[in-house]
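Report on one structure; see the data block that follows.
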Amino acid sequence: MLDQLSTPSTSIVQVQNEKRPSLFSRMIRTPGIVVGAIGLFLIALLAFAVPPLAHLDPYAVDPMSRLQGSSAGHILGTDTFGRDLLARILSGAQTSLVVGFLVALVSGVFGTVIGVVAAFNSVLDQILMRFCDGLMAIPAILLAVALAAALGPSTTNLIIALTVVYTPYLARLVRSRAIAVKSEAFVEASLSGGARPWHVILRHVLPNTMSVIVVQSTFTFAESVIVEAALSFLGAGVPAPTASWGNILYDGKSVVASAPQMVVFTSLILVITILLLNVLGDGLRDLVDRRAQRHIAHFSIFGIGRKRRTAKKGGAA
Amino acid sequence: MTSSPLNIENLAITIAEGDDAVEAVKSMSLDLAAGEVLALVGESGSGKTITARAVLGLLPARASTKGVILINGISVLEATPEQGRKVRGEHAAMIFQEPSTALNPVFTIGWQMSEGLRAHGISDVRERRRRSIELLTAVGIPSPETRIDDYPHQFSGGQKQRIVIAMALALRPAVIIADEPTTALDVTVQAEILDLLRRCRDELGASILLITHNMGVVADLADRVAVMYQGELVEVAPVEELFASPREQYTQDLLAAVPRLGAEPREARDEGIGDVVYEAENLDIVYSGGFRQKPFHAVHGVSFTVRRGEVFGLVGESGSGKSTIGRSIVGLAPVSGGSAKLLGSDLRHARGAELRELRRRVGFVFQDPASSFNSLMTVGECIEEPMRIHRAGSRQVRERRVNELLDAVQLPRSMAFRHPYELSGGQRQRVGLARALVLDPEFLVADEPTSALDVSVQARVLEIFNELQRDLGFGCLFISHDLAVVEMLSDRIGVLQSGRLVEAGTASEVLQYPKEAYTRRLIAAVPVPDPKVQRARRPPTTPGKQPLVQGRLFQ
């Protein structure tokens, strides 16, 4: 009798048994990730591969040909010192991408460590979180300016300043996620089996927090590119003569009427980079938060949601 | 057109699931007569809840329907939003499974009750309040004049369900749909709610579509039963006929799987029972309160022992402290007073390595198989986790052990590479059992291991559990609110009430010749899955009860 009963339960299971597609195949079906990742890869390729191949020198000064329009020698024209604008912009892209990536990486690591420690130790929690609150109370750009001024102008110090600015945001996020994971039944199961905190952190908390960290770090990347440009524009960021989108914009500001190419092209690539990073971040978030995706698809009116889904596939292909 | 308040004809519901579509309901036809209680039973996933939602026109946007649903002659599936709102409330109303989530915690119940009345055109504030108070009186809320201004959290679970019923009754609908109305409640409260629903039918003439998986509830309340299986109506029959001679194989299996109190008590035995593995003496458990909060005394002076090879069943209503005792054994709750000896060591004083060694020798099976696994780990990794924690065995040894256990709980070995969310509830709970047994524990704590499962699945899991317990001979503390399940498995039983052990003894002593009034009340409240027996057991309508219809109500 009981054997007959197990028949229904297995047939219900078969509905659920369909193999879930792998992470990679889900990623290439999320248009945000595909567009963002390919776009950023192209920008990085341009920034790091083109200057050495095309012998572009961002520091070659030529006072005779200042502020020229585009020509065969200078595709995007020249800047206030007669330097090749394309070379400057690509060199600035190197700076921006390196600064953004390192800030995202380092604040990601520190934020995770601080967040997890805070989630697991109530005394350190109070100390660390009040410290984070303090840092978060100061507007990001103001704090970055103050830190950059205090540390002195250099790219390394800029990275340190931006890391200090963005770590608290990540720490807060990781902490709240870690606390939520800590109260899940599977962690209790692990603890009831005699697990040490270290085991719980490595096997349960970190894997379940990783998605949040990756998504947030992508947005940190985007924001630090903006803030780096803003700081360099204000003169508190990357020191001259190193190229940065911020100081190209600053130089271009005074000559915007006679040589608009400086401001136009630099702004354009800045906007495109930030857009790509945000698209990538949104895509990652869609991937991680299956529920959000399902809601978008299901709470549709007149089947627009379903059309959207097929459109997504077309975009990915 | 018939005069019955609810007709369902050839209803088919398809739900879009990504690119596939699932046929949730396939061509079903059903009539609900006036003043009738029709029970819709079936396993989870059989389509009973989605049918009820369709009746109220509350399907998700991704569902598409075929067929006709008529409520008092109004076609629900073709209704305009305006008509739909009129149907919901005036012609049909719903009682939900979980009363604590059906009420909005930030508004008073009076506000929530008058909200429905206002939506249906009663504009006078005092009139709405008067009606709300009358309704609360009718469903048996004490001193409704003052309690109407209370918030949902100030009521108990049973009272909240009464309020939900009052809201459903507000406009005196012809059809009441009750979706598992007592599943979240204790048996004693369940009996009261069933009584109230019966009076709604008897005194107001409402037709009730009762959705449940509990055959005892069906036997108690229903006039007719419709059995659903995988979206199809398998059998419809009057309740006595269905229980006496079920026609379909599936119905027979379903009824056979229902655990019955007093049906198959575990035979008393002495062989295989060894020394004491757990001993609680005057055990006190106090949860320390937070800042300026009173500590909560969950367990008061409880004493009992569990020996090797023996199953000790711990029963009690929610809040009685039964889970707390189980959790204290594995260190998820503090032992604050008295003594708790686990495998010879005192839990109050054990620290560090000694404590970890104790954990290695104890297994724990959790209630909800859905949340007790890390969804990023495979089933194999979940089962071997305790071995990794205690660094027991190399990779090959662990792999072999996982396979052994999958065999033991009768799951295919290929399951080891699946993820927990790909498994059904019953399969997941078997994995939970495998995880608890992986280190060959001497003592196992099972906290309501089958309460989240369907009866047929529950029967299978309990059978496996019983076999393994006999073969491996571990001592077990089996915690459950279901007396029939406890009776099936336990050698001895303890009854908890508000943190105190009121009665303990062998299974037959406690359940057949209970000494305490509380135990008797608990046993009496369990509905027997047999309509004839249940009818005879039912107490005559208590005198002095307020009639549901009174004064100017429902004019």
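Lettering and numbering for the structure tokens are positional, with chains as A, B, ... in the shown order, residues counted from 1 in each chain, and ligands counted from 1 in the shown order.
Residues of stretch 496-546 of chain B assigned to strand (DSSP E or B) by DSSP on this structure's backbone: Leu496, Gln497, Arg500, Leu501, Val502, Glu503, Ala504, Gly505 and Thr506 of chain B.
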Export all heavy atoms of the chosen residues as a PDB file, in the first residue's frame?
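Result file is part_10.pdb:
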```
ATOM      1  N   LEU B 496       3.332  17.765  27.820  1.00  0.00           N
ATOM      2  CA  LEU B 496       3.762  19.059  28.352  1.00  0.00           C
ATOM      3  C   LEU B 496       2.616  20.058  28.263  1.00  0.00           C
ATOM      4  O   LEU B 496       1.887  20.096  27.281  1.00  0.00           O
ATOM      5  CB  LEU B 496       4.908  19.612  27.517  1.00  0.00           C
ATOM      6  CG  LEU B 496       6.340  19.246  27.857  1.00  0.00           C
ATOM      7  CD1 LEU B 496       7.241  19.980  26.880  1.00  0.00           C
ATOM      8  CD2 LEU B 496       6.707  19.607  29.270  1.00  0.00           C
ATOM      9  N   GLN B 497       2.485  20.852  29.320  1.00  0.00           N
ATOM     10  CA  GLN B 497       1.540  21.961  29.263  1.00  0.00           C
ATOM     11  C   GLN B 497       2.200  23.174  29.875  1.00  0.00           C
ATOM     12  O   GLN B 497       2.645  23.118  31.025  1.00  0.00           O
ATOM     13  CB  GLN B 497       0.266  21.610  30.025  1.00  0.00           C
ATOM     14  CG  GLN B 497      -0.787  22.704  29.930  1.00  0.00           C
ATOM     15  CD  GLN B 497      -1.893  22.528  30.924  1.00  0.00           C
ATOM     16  OE1 GLN B 497      -1.772  21.747  31.868  1.00  0.00           O
ATOM     17  NE2 GLN B 497      -2.975  23.245  30.729  1.00  0.00           N
ATOM     18  N   ARG B 500       5.401  22.642  31.757  1.00  0.00           N
ATOM     19  CA  ARG B 500       5.445  21.652  32.833  1.00  0.00           C
ATOM     20  C   ARG B 500       5.037  20.292  32.277  1.00  0.00           C
ATOM     21  O   ARG B 500       4.127  20.199  31.461  1.00  0.00           O
ATOM     22  CB  ARG B 500       4.505  22.043  33.964  1.00  0.00           C
ATOM     23  CG  ARG B 500       4.980  23.259  34.715  1.00  0.00           C
ATOM     24  CD  ARG B 500       4.171  23.476  35.976  1.00  0.00           C
ATOM     25  NE  ARG B 500       4.817  24.489  36.808  1.00  0.00           N
ATOM     26  CZ  ARG B 500       4.700  25.799  36.609  1.00  0.00           C
ATOM     27  NH1 ARG B 500       3.951  26.242  35.627  1.00  0.00           N
ATOM     28  NH2 ARG B 500       5.335  26.653  37.391  1.00  0.00           N
ATOM     29  N   LEU B 501       5.708  19.253  32.768  1.00  0.00           N
ATOM     30  CA  LEU B 501       5.353  17.911  32.358  1.00  0.00           C
ATOM     31  C   LEU B 501       4.177  17.466  33.200  1.00  0.00           C
ATOM     32  O   LEU B 501       4.304  17.270  34.408  1.00  0.00           O
ATOM     33  CB  LEU B 501       6.556  16.983  32.570  1.00  0.00           C
ATOM     34  CG  LEU B 501       6.512  15.634  31.869  1.00  0.00           C
ATOM     35  CD1 LEU B 501       6.592  15.818  30.368  1.00  0.00           C
ATOM     36  CD2 LEU B 501       7.669  14.758  32.332  1.00  0.00           C
ATOM     37  N   VAL B 502       2.978  17.339  32.591  1.00  0.00           N
ATOM     38  CA  VAL B 502       1.816  17.013  33.408  1.00  0.00           C
ATOM     39  C   VAL B 502       1.628  15.509  33.544  1.00  0.00           C
ATOM     40  O   VAL B 502       1.051  15.032  34.503  1.00  0.00           O
ATOM     41  CB  VAL B 502       0.512  17.647  32.855  1.00  0.00           C
ATOM     42  CG1 VAL B 502       0.542  19.144  33.012  1.00  0.00           C
ATOM     43  CG2 VAL B 502       0.275  17.257  31.418  1.00  0.00           C
ATOM     44  N   GLU B 503       2.109  14.765  32.569  1.00  0.00           N
ATOM     45  CA  GLU B 503       1.910  13.329  32.642  1.00  0.00           C
ATOM     46  C   GLU B 503       2.975  12.628  31.821  1.00  0.00           C
ATOM     47  O   GLU B 503       3.374  13.111  30.767  1.00  0.00           O
ATOM     48  CB  GLU B 503       0.517  12.960  32.096  1.00  0.00           C
ATOM     49  CG  GLU B 503       0.154  11.521  32.331  1.00  0.00           C
ATOM     50  CD  GLU B 503      -1.339  11.267  32.122  1.00  0.00           C
ATOM     51  OE1 GLU B 503      -2.071  12.216  31.787  1.00  0.00           O
ATOM     52  OE2 GLU B 503      -1.757  10.110  32.300  1.00  0.00           O
ATOM     53  N   ALA B 504       3.451  11.489  32.314  1.00  0.00           N
ATOM     54  CA  ALA B 504       4.412  10.702  31.551  1.00  0.00           C
ATOM     55  C   ALA B 504       4.195   9.240  31.875  1.00  0.00           C
ATOM     56  O   ALA B 504       3.810   8.890  32.982  1.00  0.00           O
ATOM     57  CB  ALA B 504       5.848  11.111  31.896  1.00  0.00           C
ATOM     58  N   GLY B 505       4.399   8.402  30.886  1.00  0.00           N
ATOM     59  CA  GLY B 505       4.228   6.971  31.100  1.00  0.00           C
ATOM     60  C   GLY B 505       4.358   6.243  29.787  1.00  0.00           C
ATOM     61  O   GLY B 505       4.740   6.851  28.775  1.00  0.00           O
ATOM     62  N   THR B 506       4.039   4.952  29.784  1.00  0.00           N
ATOM     63  CA  THR B 506       4.105   4.227  28.516  1.00  0.00           C
ATOM     64  C   THR B 506       3.011   4.755  27.604  1.00  0.00           C
ATOM     65  O   THR B 506       2.037   5.367  28.055  1.00  0.00           O
ATOM     66  CB  THR B 506       3.903   2.721  28.724  1.00  0.00           C
ATOM     67  OG1 THR B 506       2.565   2.526  29.200  1.00  0.00           O
ATOM     68  CG2 THR B 506       4.883   2.151  29.726  1.00  0.00           C
TER      69      THR B 506
END
```
Write out, as JSON lines, each residue of stretch 197-276 of chain A that has an atom at most 9 Å from stretch 44-64 of chain A, together with the closest pair of atoms and their distance in Å to one decimal, counting only C-alpha atoms, rows going by chain and rising number.
```
{"residue": "A:Pro241", "atom": "CA", "partner": "A:Tyr59", "partner_atom": "CA", "distance": 7.4}
{"residue": "A:Thr242", "atom": "CA", "partner": "A:Tyr59", "partner_atom": "CA", "distance": 8.2}
{"residue": "A:Ala243", "atom": "CA", "partner": "A:Pro58", "partner_atom": "CA", "distance": 7.4}
```
>> Please list as an MDAnalysis selection string every residue within 8 Å of B:Pro334, counting only C-alpha atoms and excluding residues in the same chain fewer than 5 positions away.
In response: chainID B and resid 285:287 328
> Between A:Leu280, A:Leu124, A:Ala150, A:Val288, which one has atoms that come closest to A:Pro31, using only C-alpha atoms?
Replying inline: A:Leu280
> Which polymer residues have any atom within 12 Å of an atom of stretch 407-410 of chain B, counting only C-alpha atoms, with same-chain residues fewer than 6 positions away left out, as a ChimeraX atom specification?
Replying inline: /A:3,6 /B:383,400-401,416,426-438,460-469,471-472
Dump of C-alpha atoms for the selected residues, as a PDB file, in the first residue's frame:
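Result file is part13.pdb:
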```
ATOM      1  CA  ASP A   3       4.602   1.555  -2.258  1.00  0.00           C
ATOM      2  CA  SER A   6       5.106   6.648  -3.140  1.00  0.00           C
TER       3      SER A   6
ATOM      4  CA  ILE B 383      24.623  14.810   4.588  1.00  0.00           C
ATOM      5  CA  ARG B 400      30.866   5.844   1.063  1.00  0.00           C
ATOM      6  CA  ARG B 401      28.997   6.877   4.198  1.00  0.00           C
ATOM      7  CA  ALA B 416      23.816  13.088  -3.730  1.00  0.00           C
ATOM      8  CA  GLY B 426       9.340  14.107   1.824  1.00  0.00           C
ATOM      9  CA  GLN B 427      12.635  13.412   0.097  1.00  0.00           C
ATOM     10  CA  ARG B 428      14.211  16.401   1.781  1.00  0.00           C
ATOM     11  CA  GLN B 429      13.102  15.202   5.184  1.00  0.00           C
ATOM     12  CA  ARG B 430      14.694  11.833   4.433  1.00  0.00           C
ATOM     13  CA  VAL B 431      17.905  13.706   3.664  1.00  0.00           C
ATOM     14  CA  GLY B 432      17.453  15.468   7.022  1.00  0.00           C
ATOM     15  CA  LEU B 433      17.226  12.077   8.691  1.00  0.00           C
ATOM     16  CA  ALA B 434      20.322  10.900   6.835  1.00  0.00           C
ATOM     17  CA  ARG B 435      22.255  13.969   7.981  1.00  0.00           C
ATOM     18  CA  ALA B 436      21.232  13.385  11.582  1.00  0.00           C
ATOM     19  CA  LEU B 437      22.362   9.760  11.393  1.00  0.00           C
ATOM     20  CA  VAL B 438      25.620  10.233   9.514  1.00  0.00           C
ATOM     21  CA  ARG B 460       6.509   6.826   4.306  1.00  0.00           C
ATOM     22  CA  VAL B 461       8.948   8.974   6.297  1.00  0.00           C
ATOM     23  CA  LEU B 462       7.656   7.624   9.602  1.00  0.00           C
ATOM     24  CA  GLU B 463       7.975   4.067   8.354  1.00  0.00           C
ATOM     25  CA  ILE B 464      11.593   4.642   7.369  1.00  0.00           C
ATOM     26  CA  PHE B 465      12.250   6.339  10.679  1.00  0.00           C
ATOM     27  CA  ASN B 466      10.734   3.455  12.598  1.00  0.00           C
ATOM     28  CA  GLU B 467      12.787   0.855  10.705  1.00  0.00           C
ATOM     29  CA  LEU B 468      16.025   2.761  11.192  1.00  0.00           C
ATOM     30  CA  GLN B 469      15.357   3.294  14.860  1.00  0.00           C
ATOM     31  CA  ASP B 471      17.895  -1.390  13.312  1.00  0.00           C
ATOM     32  CA  LEU B 472      20.311   1.160  14.734  1.00  0.00           C
TER      33      LEU B 472
END
```
Chain B residues within 6 Å of chain A, counting only C-alpha atoms: which ones, as an mmCIF file with N, CA, C and O atoms, in the first residue's frame?
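Full text of iface06.cif as output:
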```cif
data_model
loop_
_atom_site.group_PDB
_atom_site.id
_atom_site.type_symbol
_atom_site.label_atom_id
_atom_site.label_comp_id
_atom_site.auth_asym_id
_atom_site.auth_seq_id
_atom_site.Cartn_x
_atom_site.Cartn_y
_atom_site.Cartn_z
ATOM 1 N N ARG B 62 -0.195 35.123 -14.224
ATOM 2 C CA ARG B 62 0.355 34.159 -15.170
ATOM 3 C C ARG B 62 -0.538 32.933 -15.342
ATOM 4 O O ARG B 62 -0.176 31.993 -16.020
ATOM 5 N N VAL B 330 20.768 20.034 22.106
ATOM 6 C CA VAL B 330 21.867 20.260 21.169
ATOM 7 C C VAL B 330 22.451 21.672 21.298
ATOM 8 O O VAL B 330 23.166 22.134 20.431
ATOM 9 N N ARG B 356 31.688 19.456 22.236
ATOM 10 C CA ARG B 356 31.724 19.074 20.820
ATOM 11 C C ARG B 356 31.632 17.568 20.654
ATOM 12 O O ARG B 356 30.988 17.068 19.739
ATOM 13 N N ARG B 359 28.056 16.652 20.943
ATOM 14 C CA ARG B 359 27.312 16.964 19.720
ATOM 15 C C ARG B 359 27.521 15.879 18.670
ATOM 16 O O ARG B 359 26.636 15.583 17.887
ATOM 17 N N SER B 371 13.919 24.734 4.893
ATOM 18 C CA SER B 371 14.873 25.763 5.307
ATOM 19 C C SER B 371 16.080 25.190 6.028
ATOM 20 O O SER B 371 17.002 25.916 6.344
ATOM 21 N N SER B 372 16.092 23.880 6.302
ATOM 22 C CA SER B 372 17.204 23.384 7.111
ATOM 23 C C SER B 372 18.379 22.909 6.271
ATOM 24 O O SER B 372 19.283 22.259 6.794
ATOM 25 N N PHE B 373 18.369 23.230 4.978
ATOM 26 C CA PHE B 373 19.543 22.920 4.163
ATOM 27 C C PHE B 373 20.054 24.173 3.479
ATOM 28 O O PHE B 373 19.274 24.982 3.001
ATOM 29 N N ASN B 374 21.375 24.273 3.401
ATOM 30 C CA ASN B 374 21.999 25.365 2.672
ATOM 31 C C ASN B 374 21.822 25.086 1.191
ATOM 32 O O ASN B 374 22.308 24.093 0.673
ATOM 33 N N PRO B 386 28.164 17.012 9.026
ATOM 34 C CA PRO B 386 28.629 16.696 10.379
ATOM 35 C C PRO B 386 29.980 15.979 10.388
ATOM 36 O O PRO B 386 30.778 16.187 11.294
ATOM 37 N N ILE B 389 32.537 18.630 10.024
ATOM 38 C CA ILE B 389 32.665 19.408 11.255
ATOM 39 C C ILE B 389 33.577 18.683 12.231
ATOM 40 O O ILE B 389 34.442 19.285 12.866
ATOM 41 N N GLU B 422 15.736 20.866 -5.310
ATOM 42 C CA GLU B 422 15.212 20.056 -6.410
ATOM 43 C C GLU B 422 14.387 18.877 -5.904
ATOM 44 O O GLU B 422 13.778 18.160 -6.680
ATOM 45 N N SER B 424 11.500 16.883 -3.344
ATOM 46 C CA SER B 424 10.196 17.133 -2.728
ATOM 47 C C SER B 424 10.354 17.184 -1.219
ATOM 48 O O SER B 424 11.398 16.816 -0.677
#
```
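The residue set within 12 Å of A:Ile127, counting only C-alpha atoms and dropping same-chain residues fewer than 6 places from it, reads Ile114, Gly115, Val117, Ala118, Ala119, Asn121, Asp133 and Gly134 of chain A.
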Selection to disk with N, CA, C and O atoms, as a PDB file, in the first residue's frame:
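The resulting result23.pdb:
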```
ATOM      1  N   ILE A 114      34.887  42.978   7.915  1.00  0.00           N
ATOM      2  CA  ILE A 114      34.282  43.766   8.992  1.00  0.00           C
ATOM      3  C   ILE A 114      32.842  43.328   9.226  1.00  0.00           C
ATOM      4  O   ILE A 114      32.416  43.122  10.365  1.00  0.00           O
ATOM      5  N   GLY A 115      32.088  43.148   8.133  1.00  0.00           N
ATOM      6  CA  GLY A 115      30.683  42.758   8.260  1.00  0.00           C
ATOM      7  C   GLY A 115      30.532  41.422   8.959  1.00  0.00           C
ATOM      8  O   GLY A 115      29.701  41.263   9.855  1.00  0.00           O
ATOM      9  N   VAL A 117      32.741  39.831  10.907  1.00  0.00           N
ATOM     10  CA  VAL A 117      33.195  39.927  12.299  1.00  0.00           C
ATOM     11  C   VAL A 117      32.106  40.573  13.161  1.00  0.00           C
ATOM     12  O   VAL A 117      31.775  40.095  14.247  1.00  0.00           O
ATOM     13  N   ALA A 118      31.505  41.645  12.619  1.00  0.00           N
ATOM     14  CA  ALA A 118      30.453  42.342  13.375  1.00  0.00           C
ATOM     15  C   ALA A 118      29.263  41.425  13.613  1.00  0.00           C
ATOM     16  O   ALA A 118      28.650  41.447  14.681  1.00  0.00           O
ATOM     17  N   ALA A 119      28.956  40.588  12.621  1.00  0.00           N
ATOM     18  CA  ALA A 119      27.802  39.707  12.767  1.00  0.00           C
ATOM     19  C   ALA A 119      28.045  38.631  13.814  1.00  0.00           C
ATOM     20  O   ALA A 119      27.112  38.096  14.395  1.00  0.00           O
ATOM     21  N   ASN A 121      30.396  38.882  16.518  1.00  0.00           N
ATOM     22  CA  ASN A 121      30.889  39.298  17.818  1.00  0.00           C
ATOM     23  C   ASN A 121      30.170  40.573  18.237  1.00  0.00           C
ATOM     24  O   ASN A 121      30.331  41.622  17.620  1.00  0.00           O
ATOM     25  N   ASP A 133      29.101  54.075  11.036  1.00  0.00           N
ATOM     26  CA  ASP A 133      28.074  55.120  11.065  1.00  0.00           C
ATOM     27  C   ASP A 133      28.722  56.491  10.948  1.00  0.00           C
ATOM     28  O   ASP A 133      28.264  57.352  10.201  1.00  0.00           O
ATOM     29  N   GLY A 134      29.798  56.665  11.708  1.00  0.00           N
ATOM     30  CA  GLY A 134      30.507  57.941  11.698  1.00  0.00           C
ATOM     31  C   GLY A 134      31.008  58.290  10.310  1.00  0.00           C
ATOM     32  O   GLY A 134      30.808  59.402   9.817  1.00  0.00           O
TER      33      GLY A 134
END
```
> Do you know which residues are at most 10 Å from stretch 239-246 of chain B counting only C-alpha atoms, after dropping those on the same chain fewer than 6 positions away, and could you put them as a PyMOL selection string?
Replying inline: chain B and resi 38-39+215+218-227+252-255+529-532
Residues of the last selection are to be written out with N, CA and C atoms, as a PDB file, in the first residue's frame.
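In the end it all went to out-v2.pdb:
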```
ATOM      1  N   LEU B  38     -18.630  21.203   1.727  1.00  0.00           N
ATOM      2  CA  LEU B  38     -17.954  20.315   0.787  1.00  0.00           C
ATOM      3  C   LEU B  38     -16.460  20.402   1.064  1.00  0.00           C
ATOM      4  N   ALA B  39     -15.869  19.251   1.352  1.00  0.00           N
ATOM      5  CA  ALA B  39     -14.429  19.249   1.621  1.00  0.00           C
ATOM      6  C   ALA B  39     -13.684  18.918   0.346  1.00  0.00           C
ATOM      7  N   MET B 215      -7.813  14.530   7.420  1.00  0.00           N
ATOM      8  CA  MET B 215      -9.000  13.689   7.271  1.00  0.00           C
ATOM      9  C   MET B 215      -9.893  13.745   8.510  1.00  0.00           C
ATOM     10  N   VAL B 218     -12.111  16.662   8.000  1.00  0.00           N
ATOM     11  CA  VAL B 218     -13.111  16.312   6.997  1.00  0.00           C
ATOM     12  C   VAL B 218     -14.239  15.520   7.653  1.00  0.00           C
ATOM     13  N   ALA B 219     -13.858  14.506   8.415  1.00  0.00           N
ATOM     14  CA  ALA B 219     -14.856  13.656   9.047  1.00  0.00           C
ATOM     15  C   ALA B 219     -15.723  14.460  10.004  1.00  0.00           C
ATOM     16  N   ASP B 220     -15.131  15.455  10.619  1.00  0.00           N
ATOM     17  CA  ASP B 220     -15.846  16.233  11.614  1.00  0.00           C
ATOM     18  C   ASP B 220     -16.863  17.177  10.980  1.00  0.00           C
ATOM     19  N   LEU B 221     -16.506  17.790   9.871  1.00  0.00           N
ATOM     20  CA  LEU B 221     -17.277  18.931   9.398  1.00  0.00           C
ATOM     21  C   LEU B 221     -18.012  18.694   8.081  1.00  0.00           C
ATOM     22  N   ALA B 222     -17.441  17.878   7.209  1.00  0.00           N
ATOM     23  CA  ALA B 222     -17.928  17.865   5.832  1.00  0.00           C
ATOM     24  C   ALA B 222     -19.201  17.037   5.660  1.00  0.00           C
ATOM     25  N   ASP B 223     -20.020  17.447   4.673  1.00  0.00           N
ATOM     26  CA  ASP B 223     -21.157  16.635   4.251  1.00  0.00           C
ATOM     27  C   ASP B 223     -20.759  15.777   3.061  1.00  0.00           C
ATOM     28  N   ARG B 224     -19.971  16.382   2.177  1.00  0.00           N
ATOM     29  CA  ARG B 224     -19.517  15.689   0.977  1.00  0.00           C
ATOM     30  C   ARG B 224     -18.023  15.921   0.838  1.00  0.00           C
ATOM     31  N   VAL B 225     -17.358  15.008   0.158  1.00  0.00           N
ATOM     32  CA  VAL B 225     -15.918  15.124  -0.006  1.00  0.00           C
ATOM     33  C   VAL B 225     -15.571  15.005  -1.482  1.00  0.00           C
ATOM     34  N   ALA B 226     -14.704  15.909  -1.949  1.00  0.00           N
ATOM     35  CA  ALA B 226     -14.164  15.803  -3.296  1.00  0.00           C
ATOM     36  C   ALA B 226     -12.662  15.576  -3.163  1.00  0.00           C
ATOM     37  N   VAL B 227     -12.170  14.515  -3.766  1.00  0.00           N
ATOM     38  CA  VAL B 227     -10.749  14.193  -3.658  1.00  0.00           C
ATOM     39  C   VAL B 227     -10.052  14.632  -4.928  1.00  0.00           C
ATOM     40  N   GLN B 252      -8.399   5.310  -1.354  1.00  0.00           N
ATOM     41  CA  GLN B 252      -8.109   4.244  -0.382  1.00  0.00           C
ATOM     42  C   GLN B 252      -6.719   4.422   0.221  1.00  0.00           C
ATOM     43  N   ASP B 253      -5.739   4.689  -0.654  1.00  0.00           N
ATOM     44  CA  ASP B 253      -4.366   4.884  -0.177  1.00  0.00           C
ATOM     45  C   ASP B 253      -4.281   6.066   0.777  1.00  0.00           C
ATOM     46  N   LEU B 254      -4.958   7.146   0.376  1.00  0.00           N
ATOM     47  CA  LEU B 254      -4.915   8.367   1.174  1.00  0.00           C
ATOM     48  C   LEU B 254      -5.482   8.096   2.569  1.00  0.00           C
ATOM     49  N   LEU B 255      -6.629   7.403   2.627  1.00  0.00           N
ATOM     50  CA  LEU B 255      -7.253   7.128   3.915  1.00  0.00           C
ATOM     51  C   LEU B 255      -6.402   6.176   4.738  1.00  0.00           C
ATOM     52  N   PRO B 529     -10.687  10.368  12.175  1.00  0.00           N
ATOM     53  CA  PRO B 529     -10.986  10.322  10.748  1.00  0.00           C
ATOM     54  C   PRO B 529     -12.048   9.273  10.429  1.00  0.00           C
ATOM     55  N   ASP B 530     -13.207   9.423  11.019  1.00  0.00           N
ATOM     56  CA  ASP B 530     -14.346   8.554  10.725  1.00  0.00           C
ATOM     57  C   ASP B 530     -15.600   9.352  11.078  1.00  0.00           C
ATOM     58  N   PRO B 531     -16.398   9.695  10.083  1.00  0.00           N
ATOM     59  CA  PRO B 531     -17.510  10.622  10.343  1.00  0.00           C
ATOM     60  C   PRO B 531     -18.498  10.106  11.384  1.00  0.00           C
ATOM     61  N   LYS B 532     -18.738   8.777  11.411  1.00  0.00           N
ATOM     62  CA  LYS B 532     -19.730   8.263  12.357  1.00  0.00           C
ATOM     63  C   LYS B 532     -19.238   8.404  13.780  1.00  0.00           C
TER      64      LYS B 532
END
```
>> Env of stretch 214-231 of chain A: 9 Å cut, atoms = only C-alpha atoms, seq-sep filter 3 positions within chain, self excluded. Answer as a ChimeraX atom specification.
In response: /A:96-97,99-105,107-108,140-141,144-145,148,158-159,162-163,166,169-170,173,209-211,234-238,244-247,249,270,273-278,280-285,288
>> For a test of reading the model, state the distance in Å between atom CA of B:Ile273 and atom CA of B:Glu487, rounded to one decimal.
In response: 18.1 Å
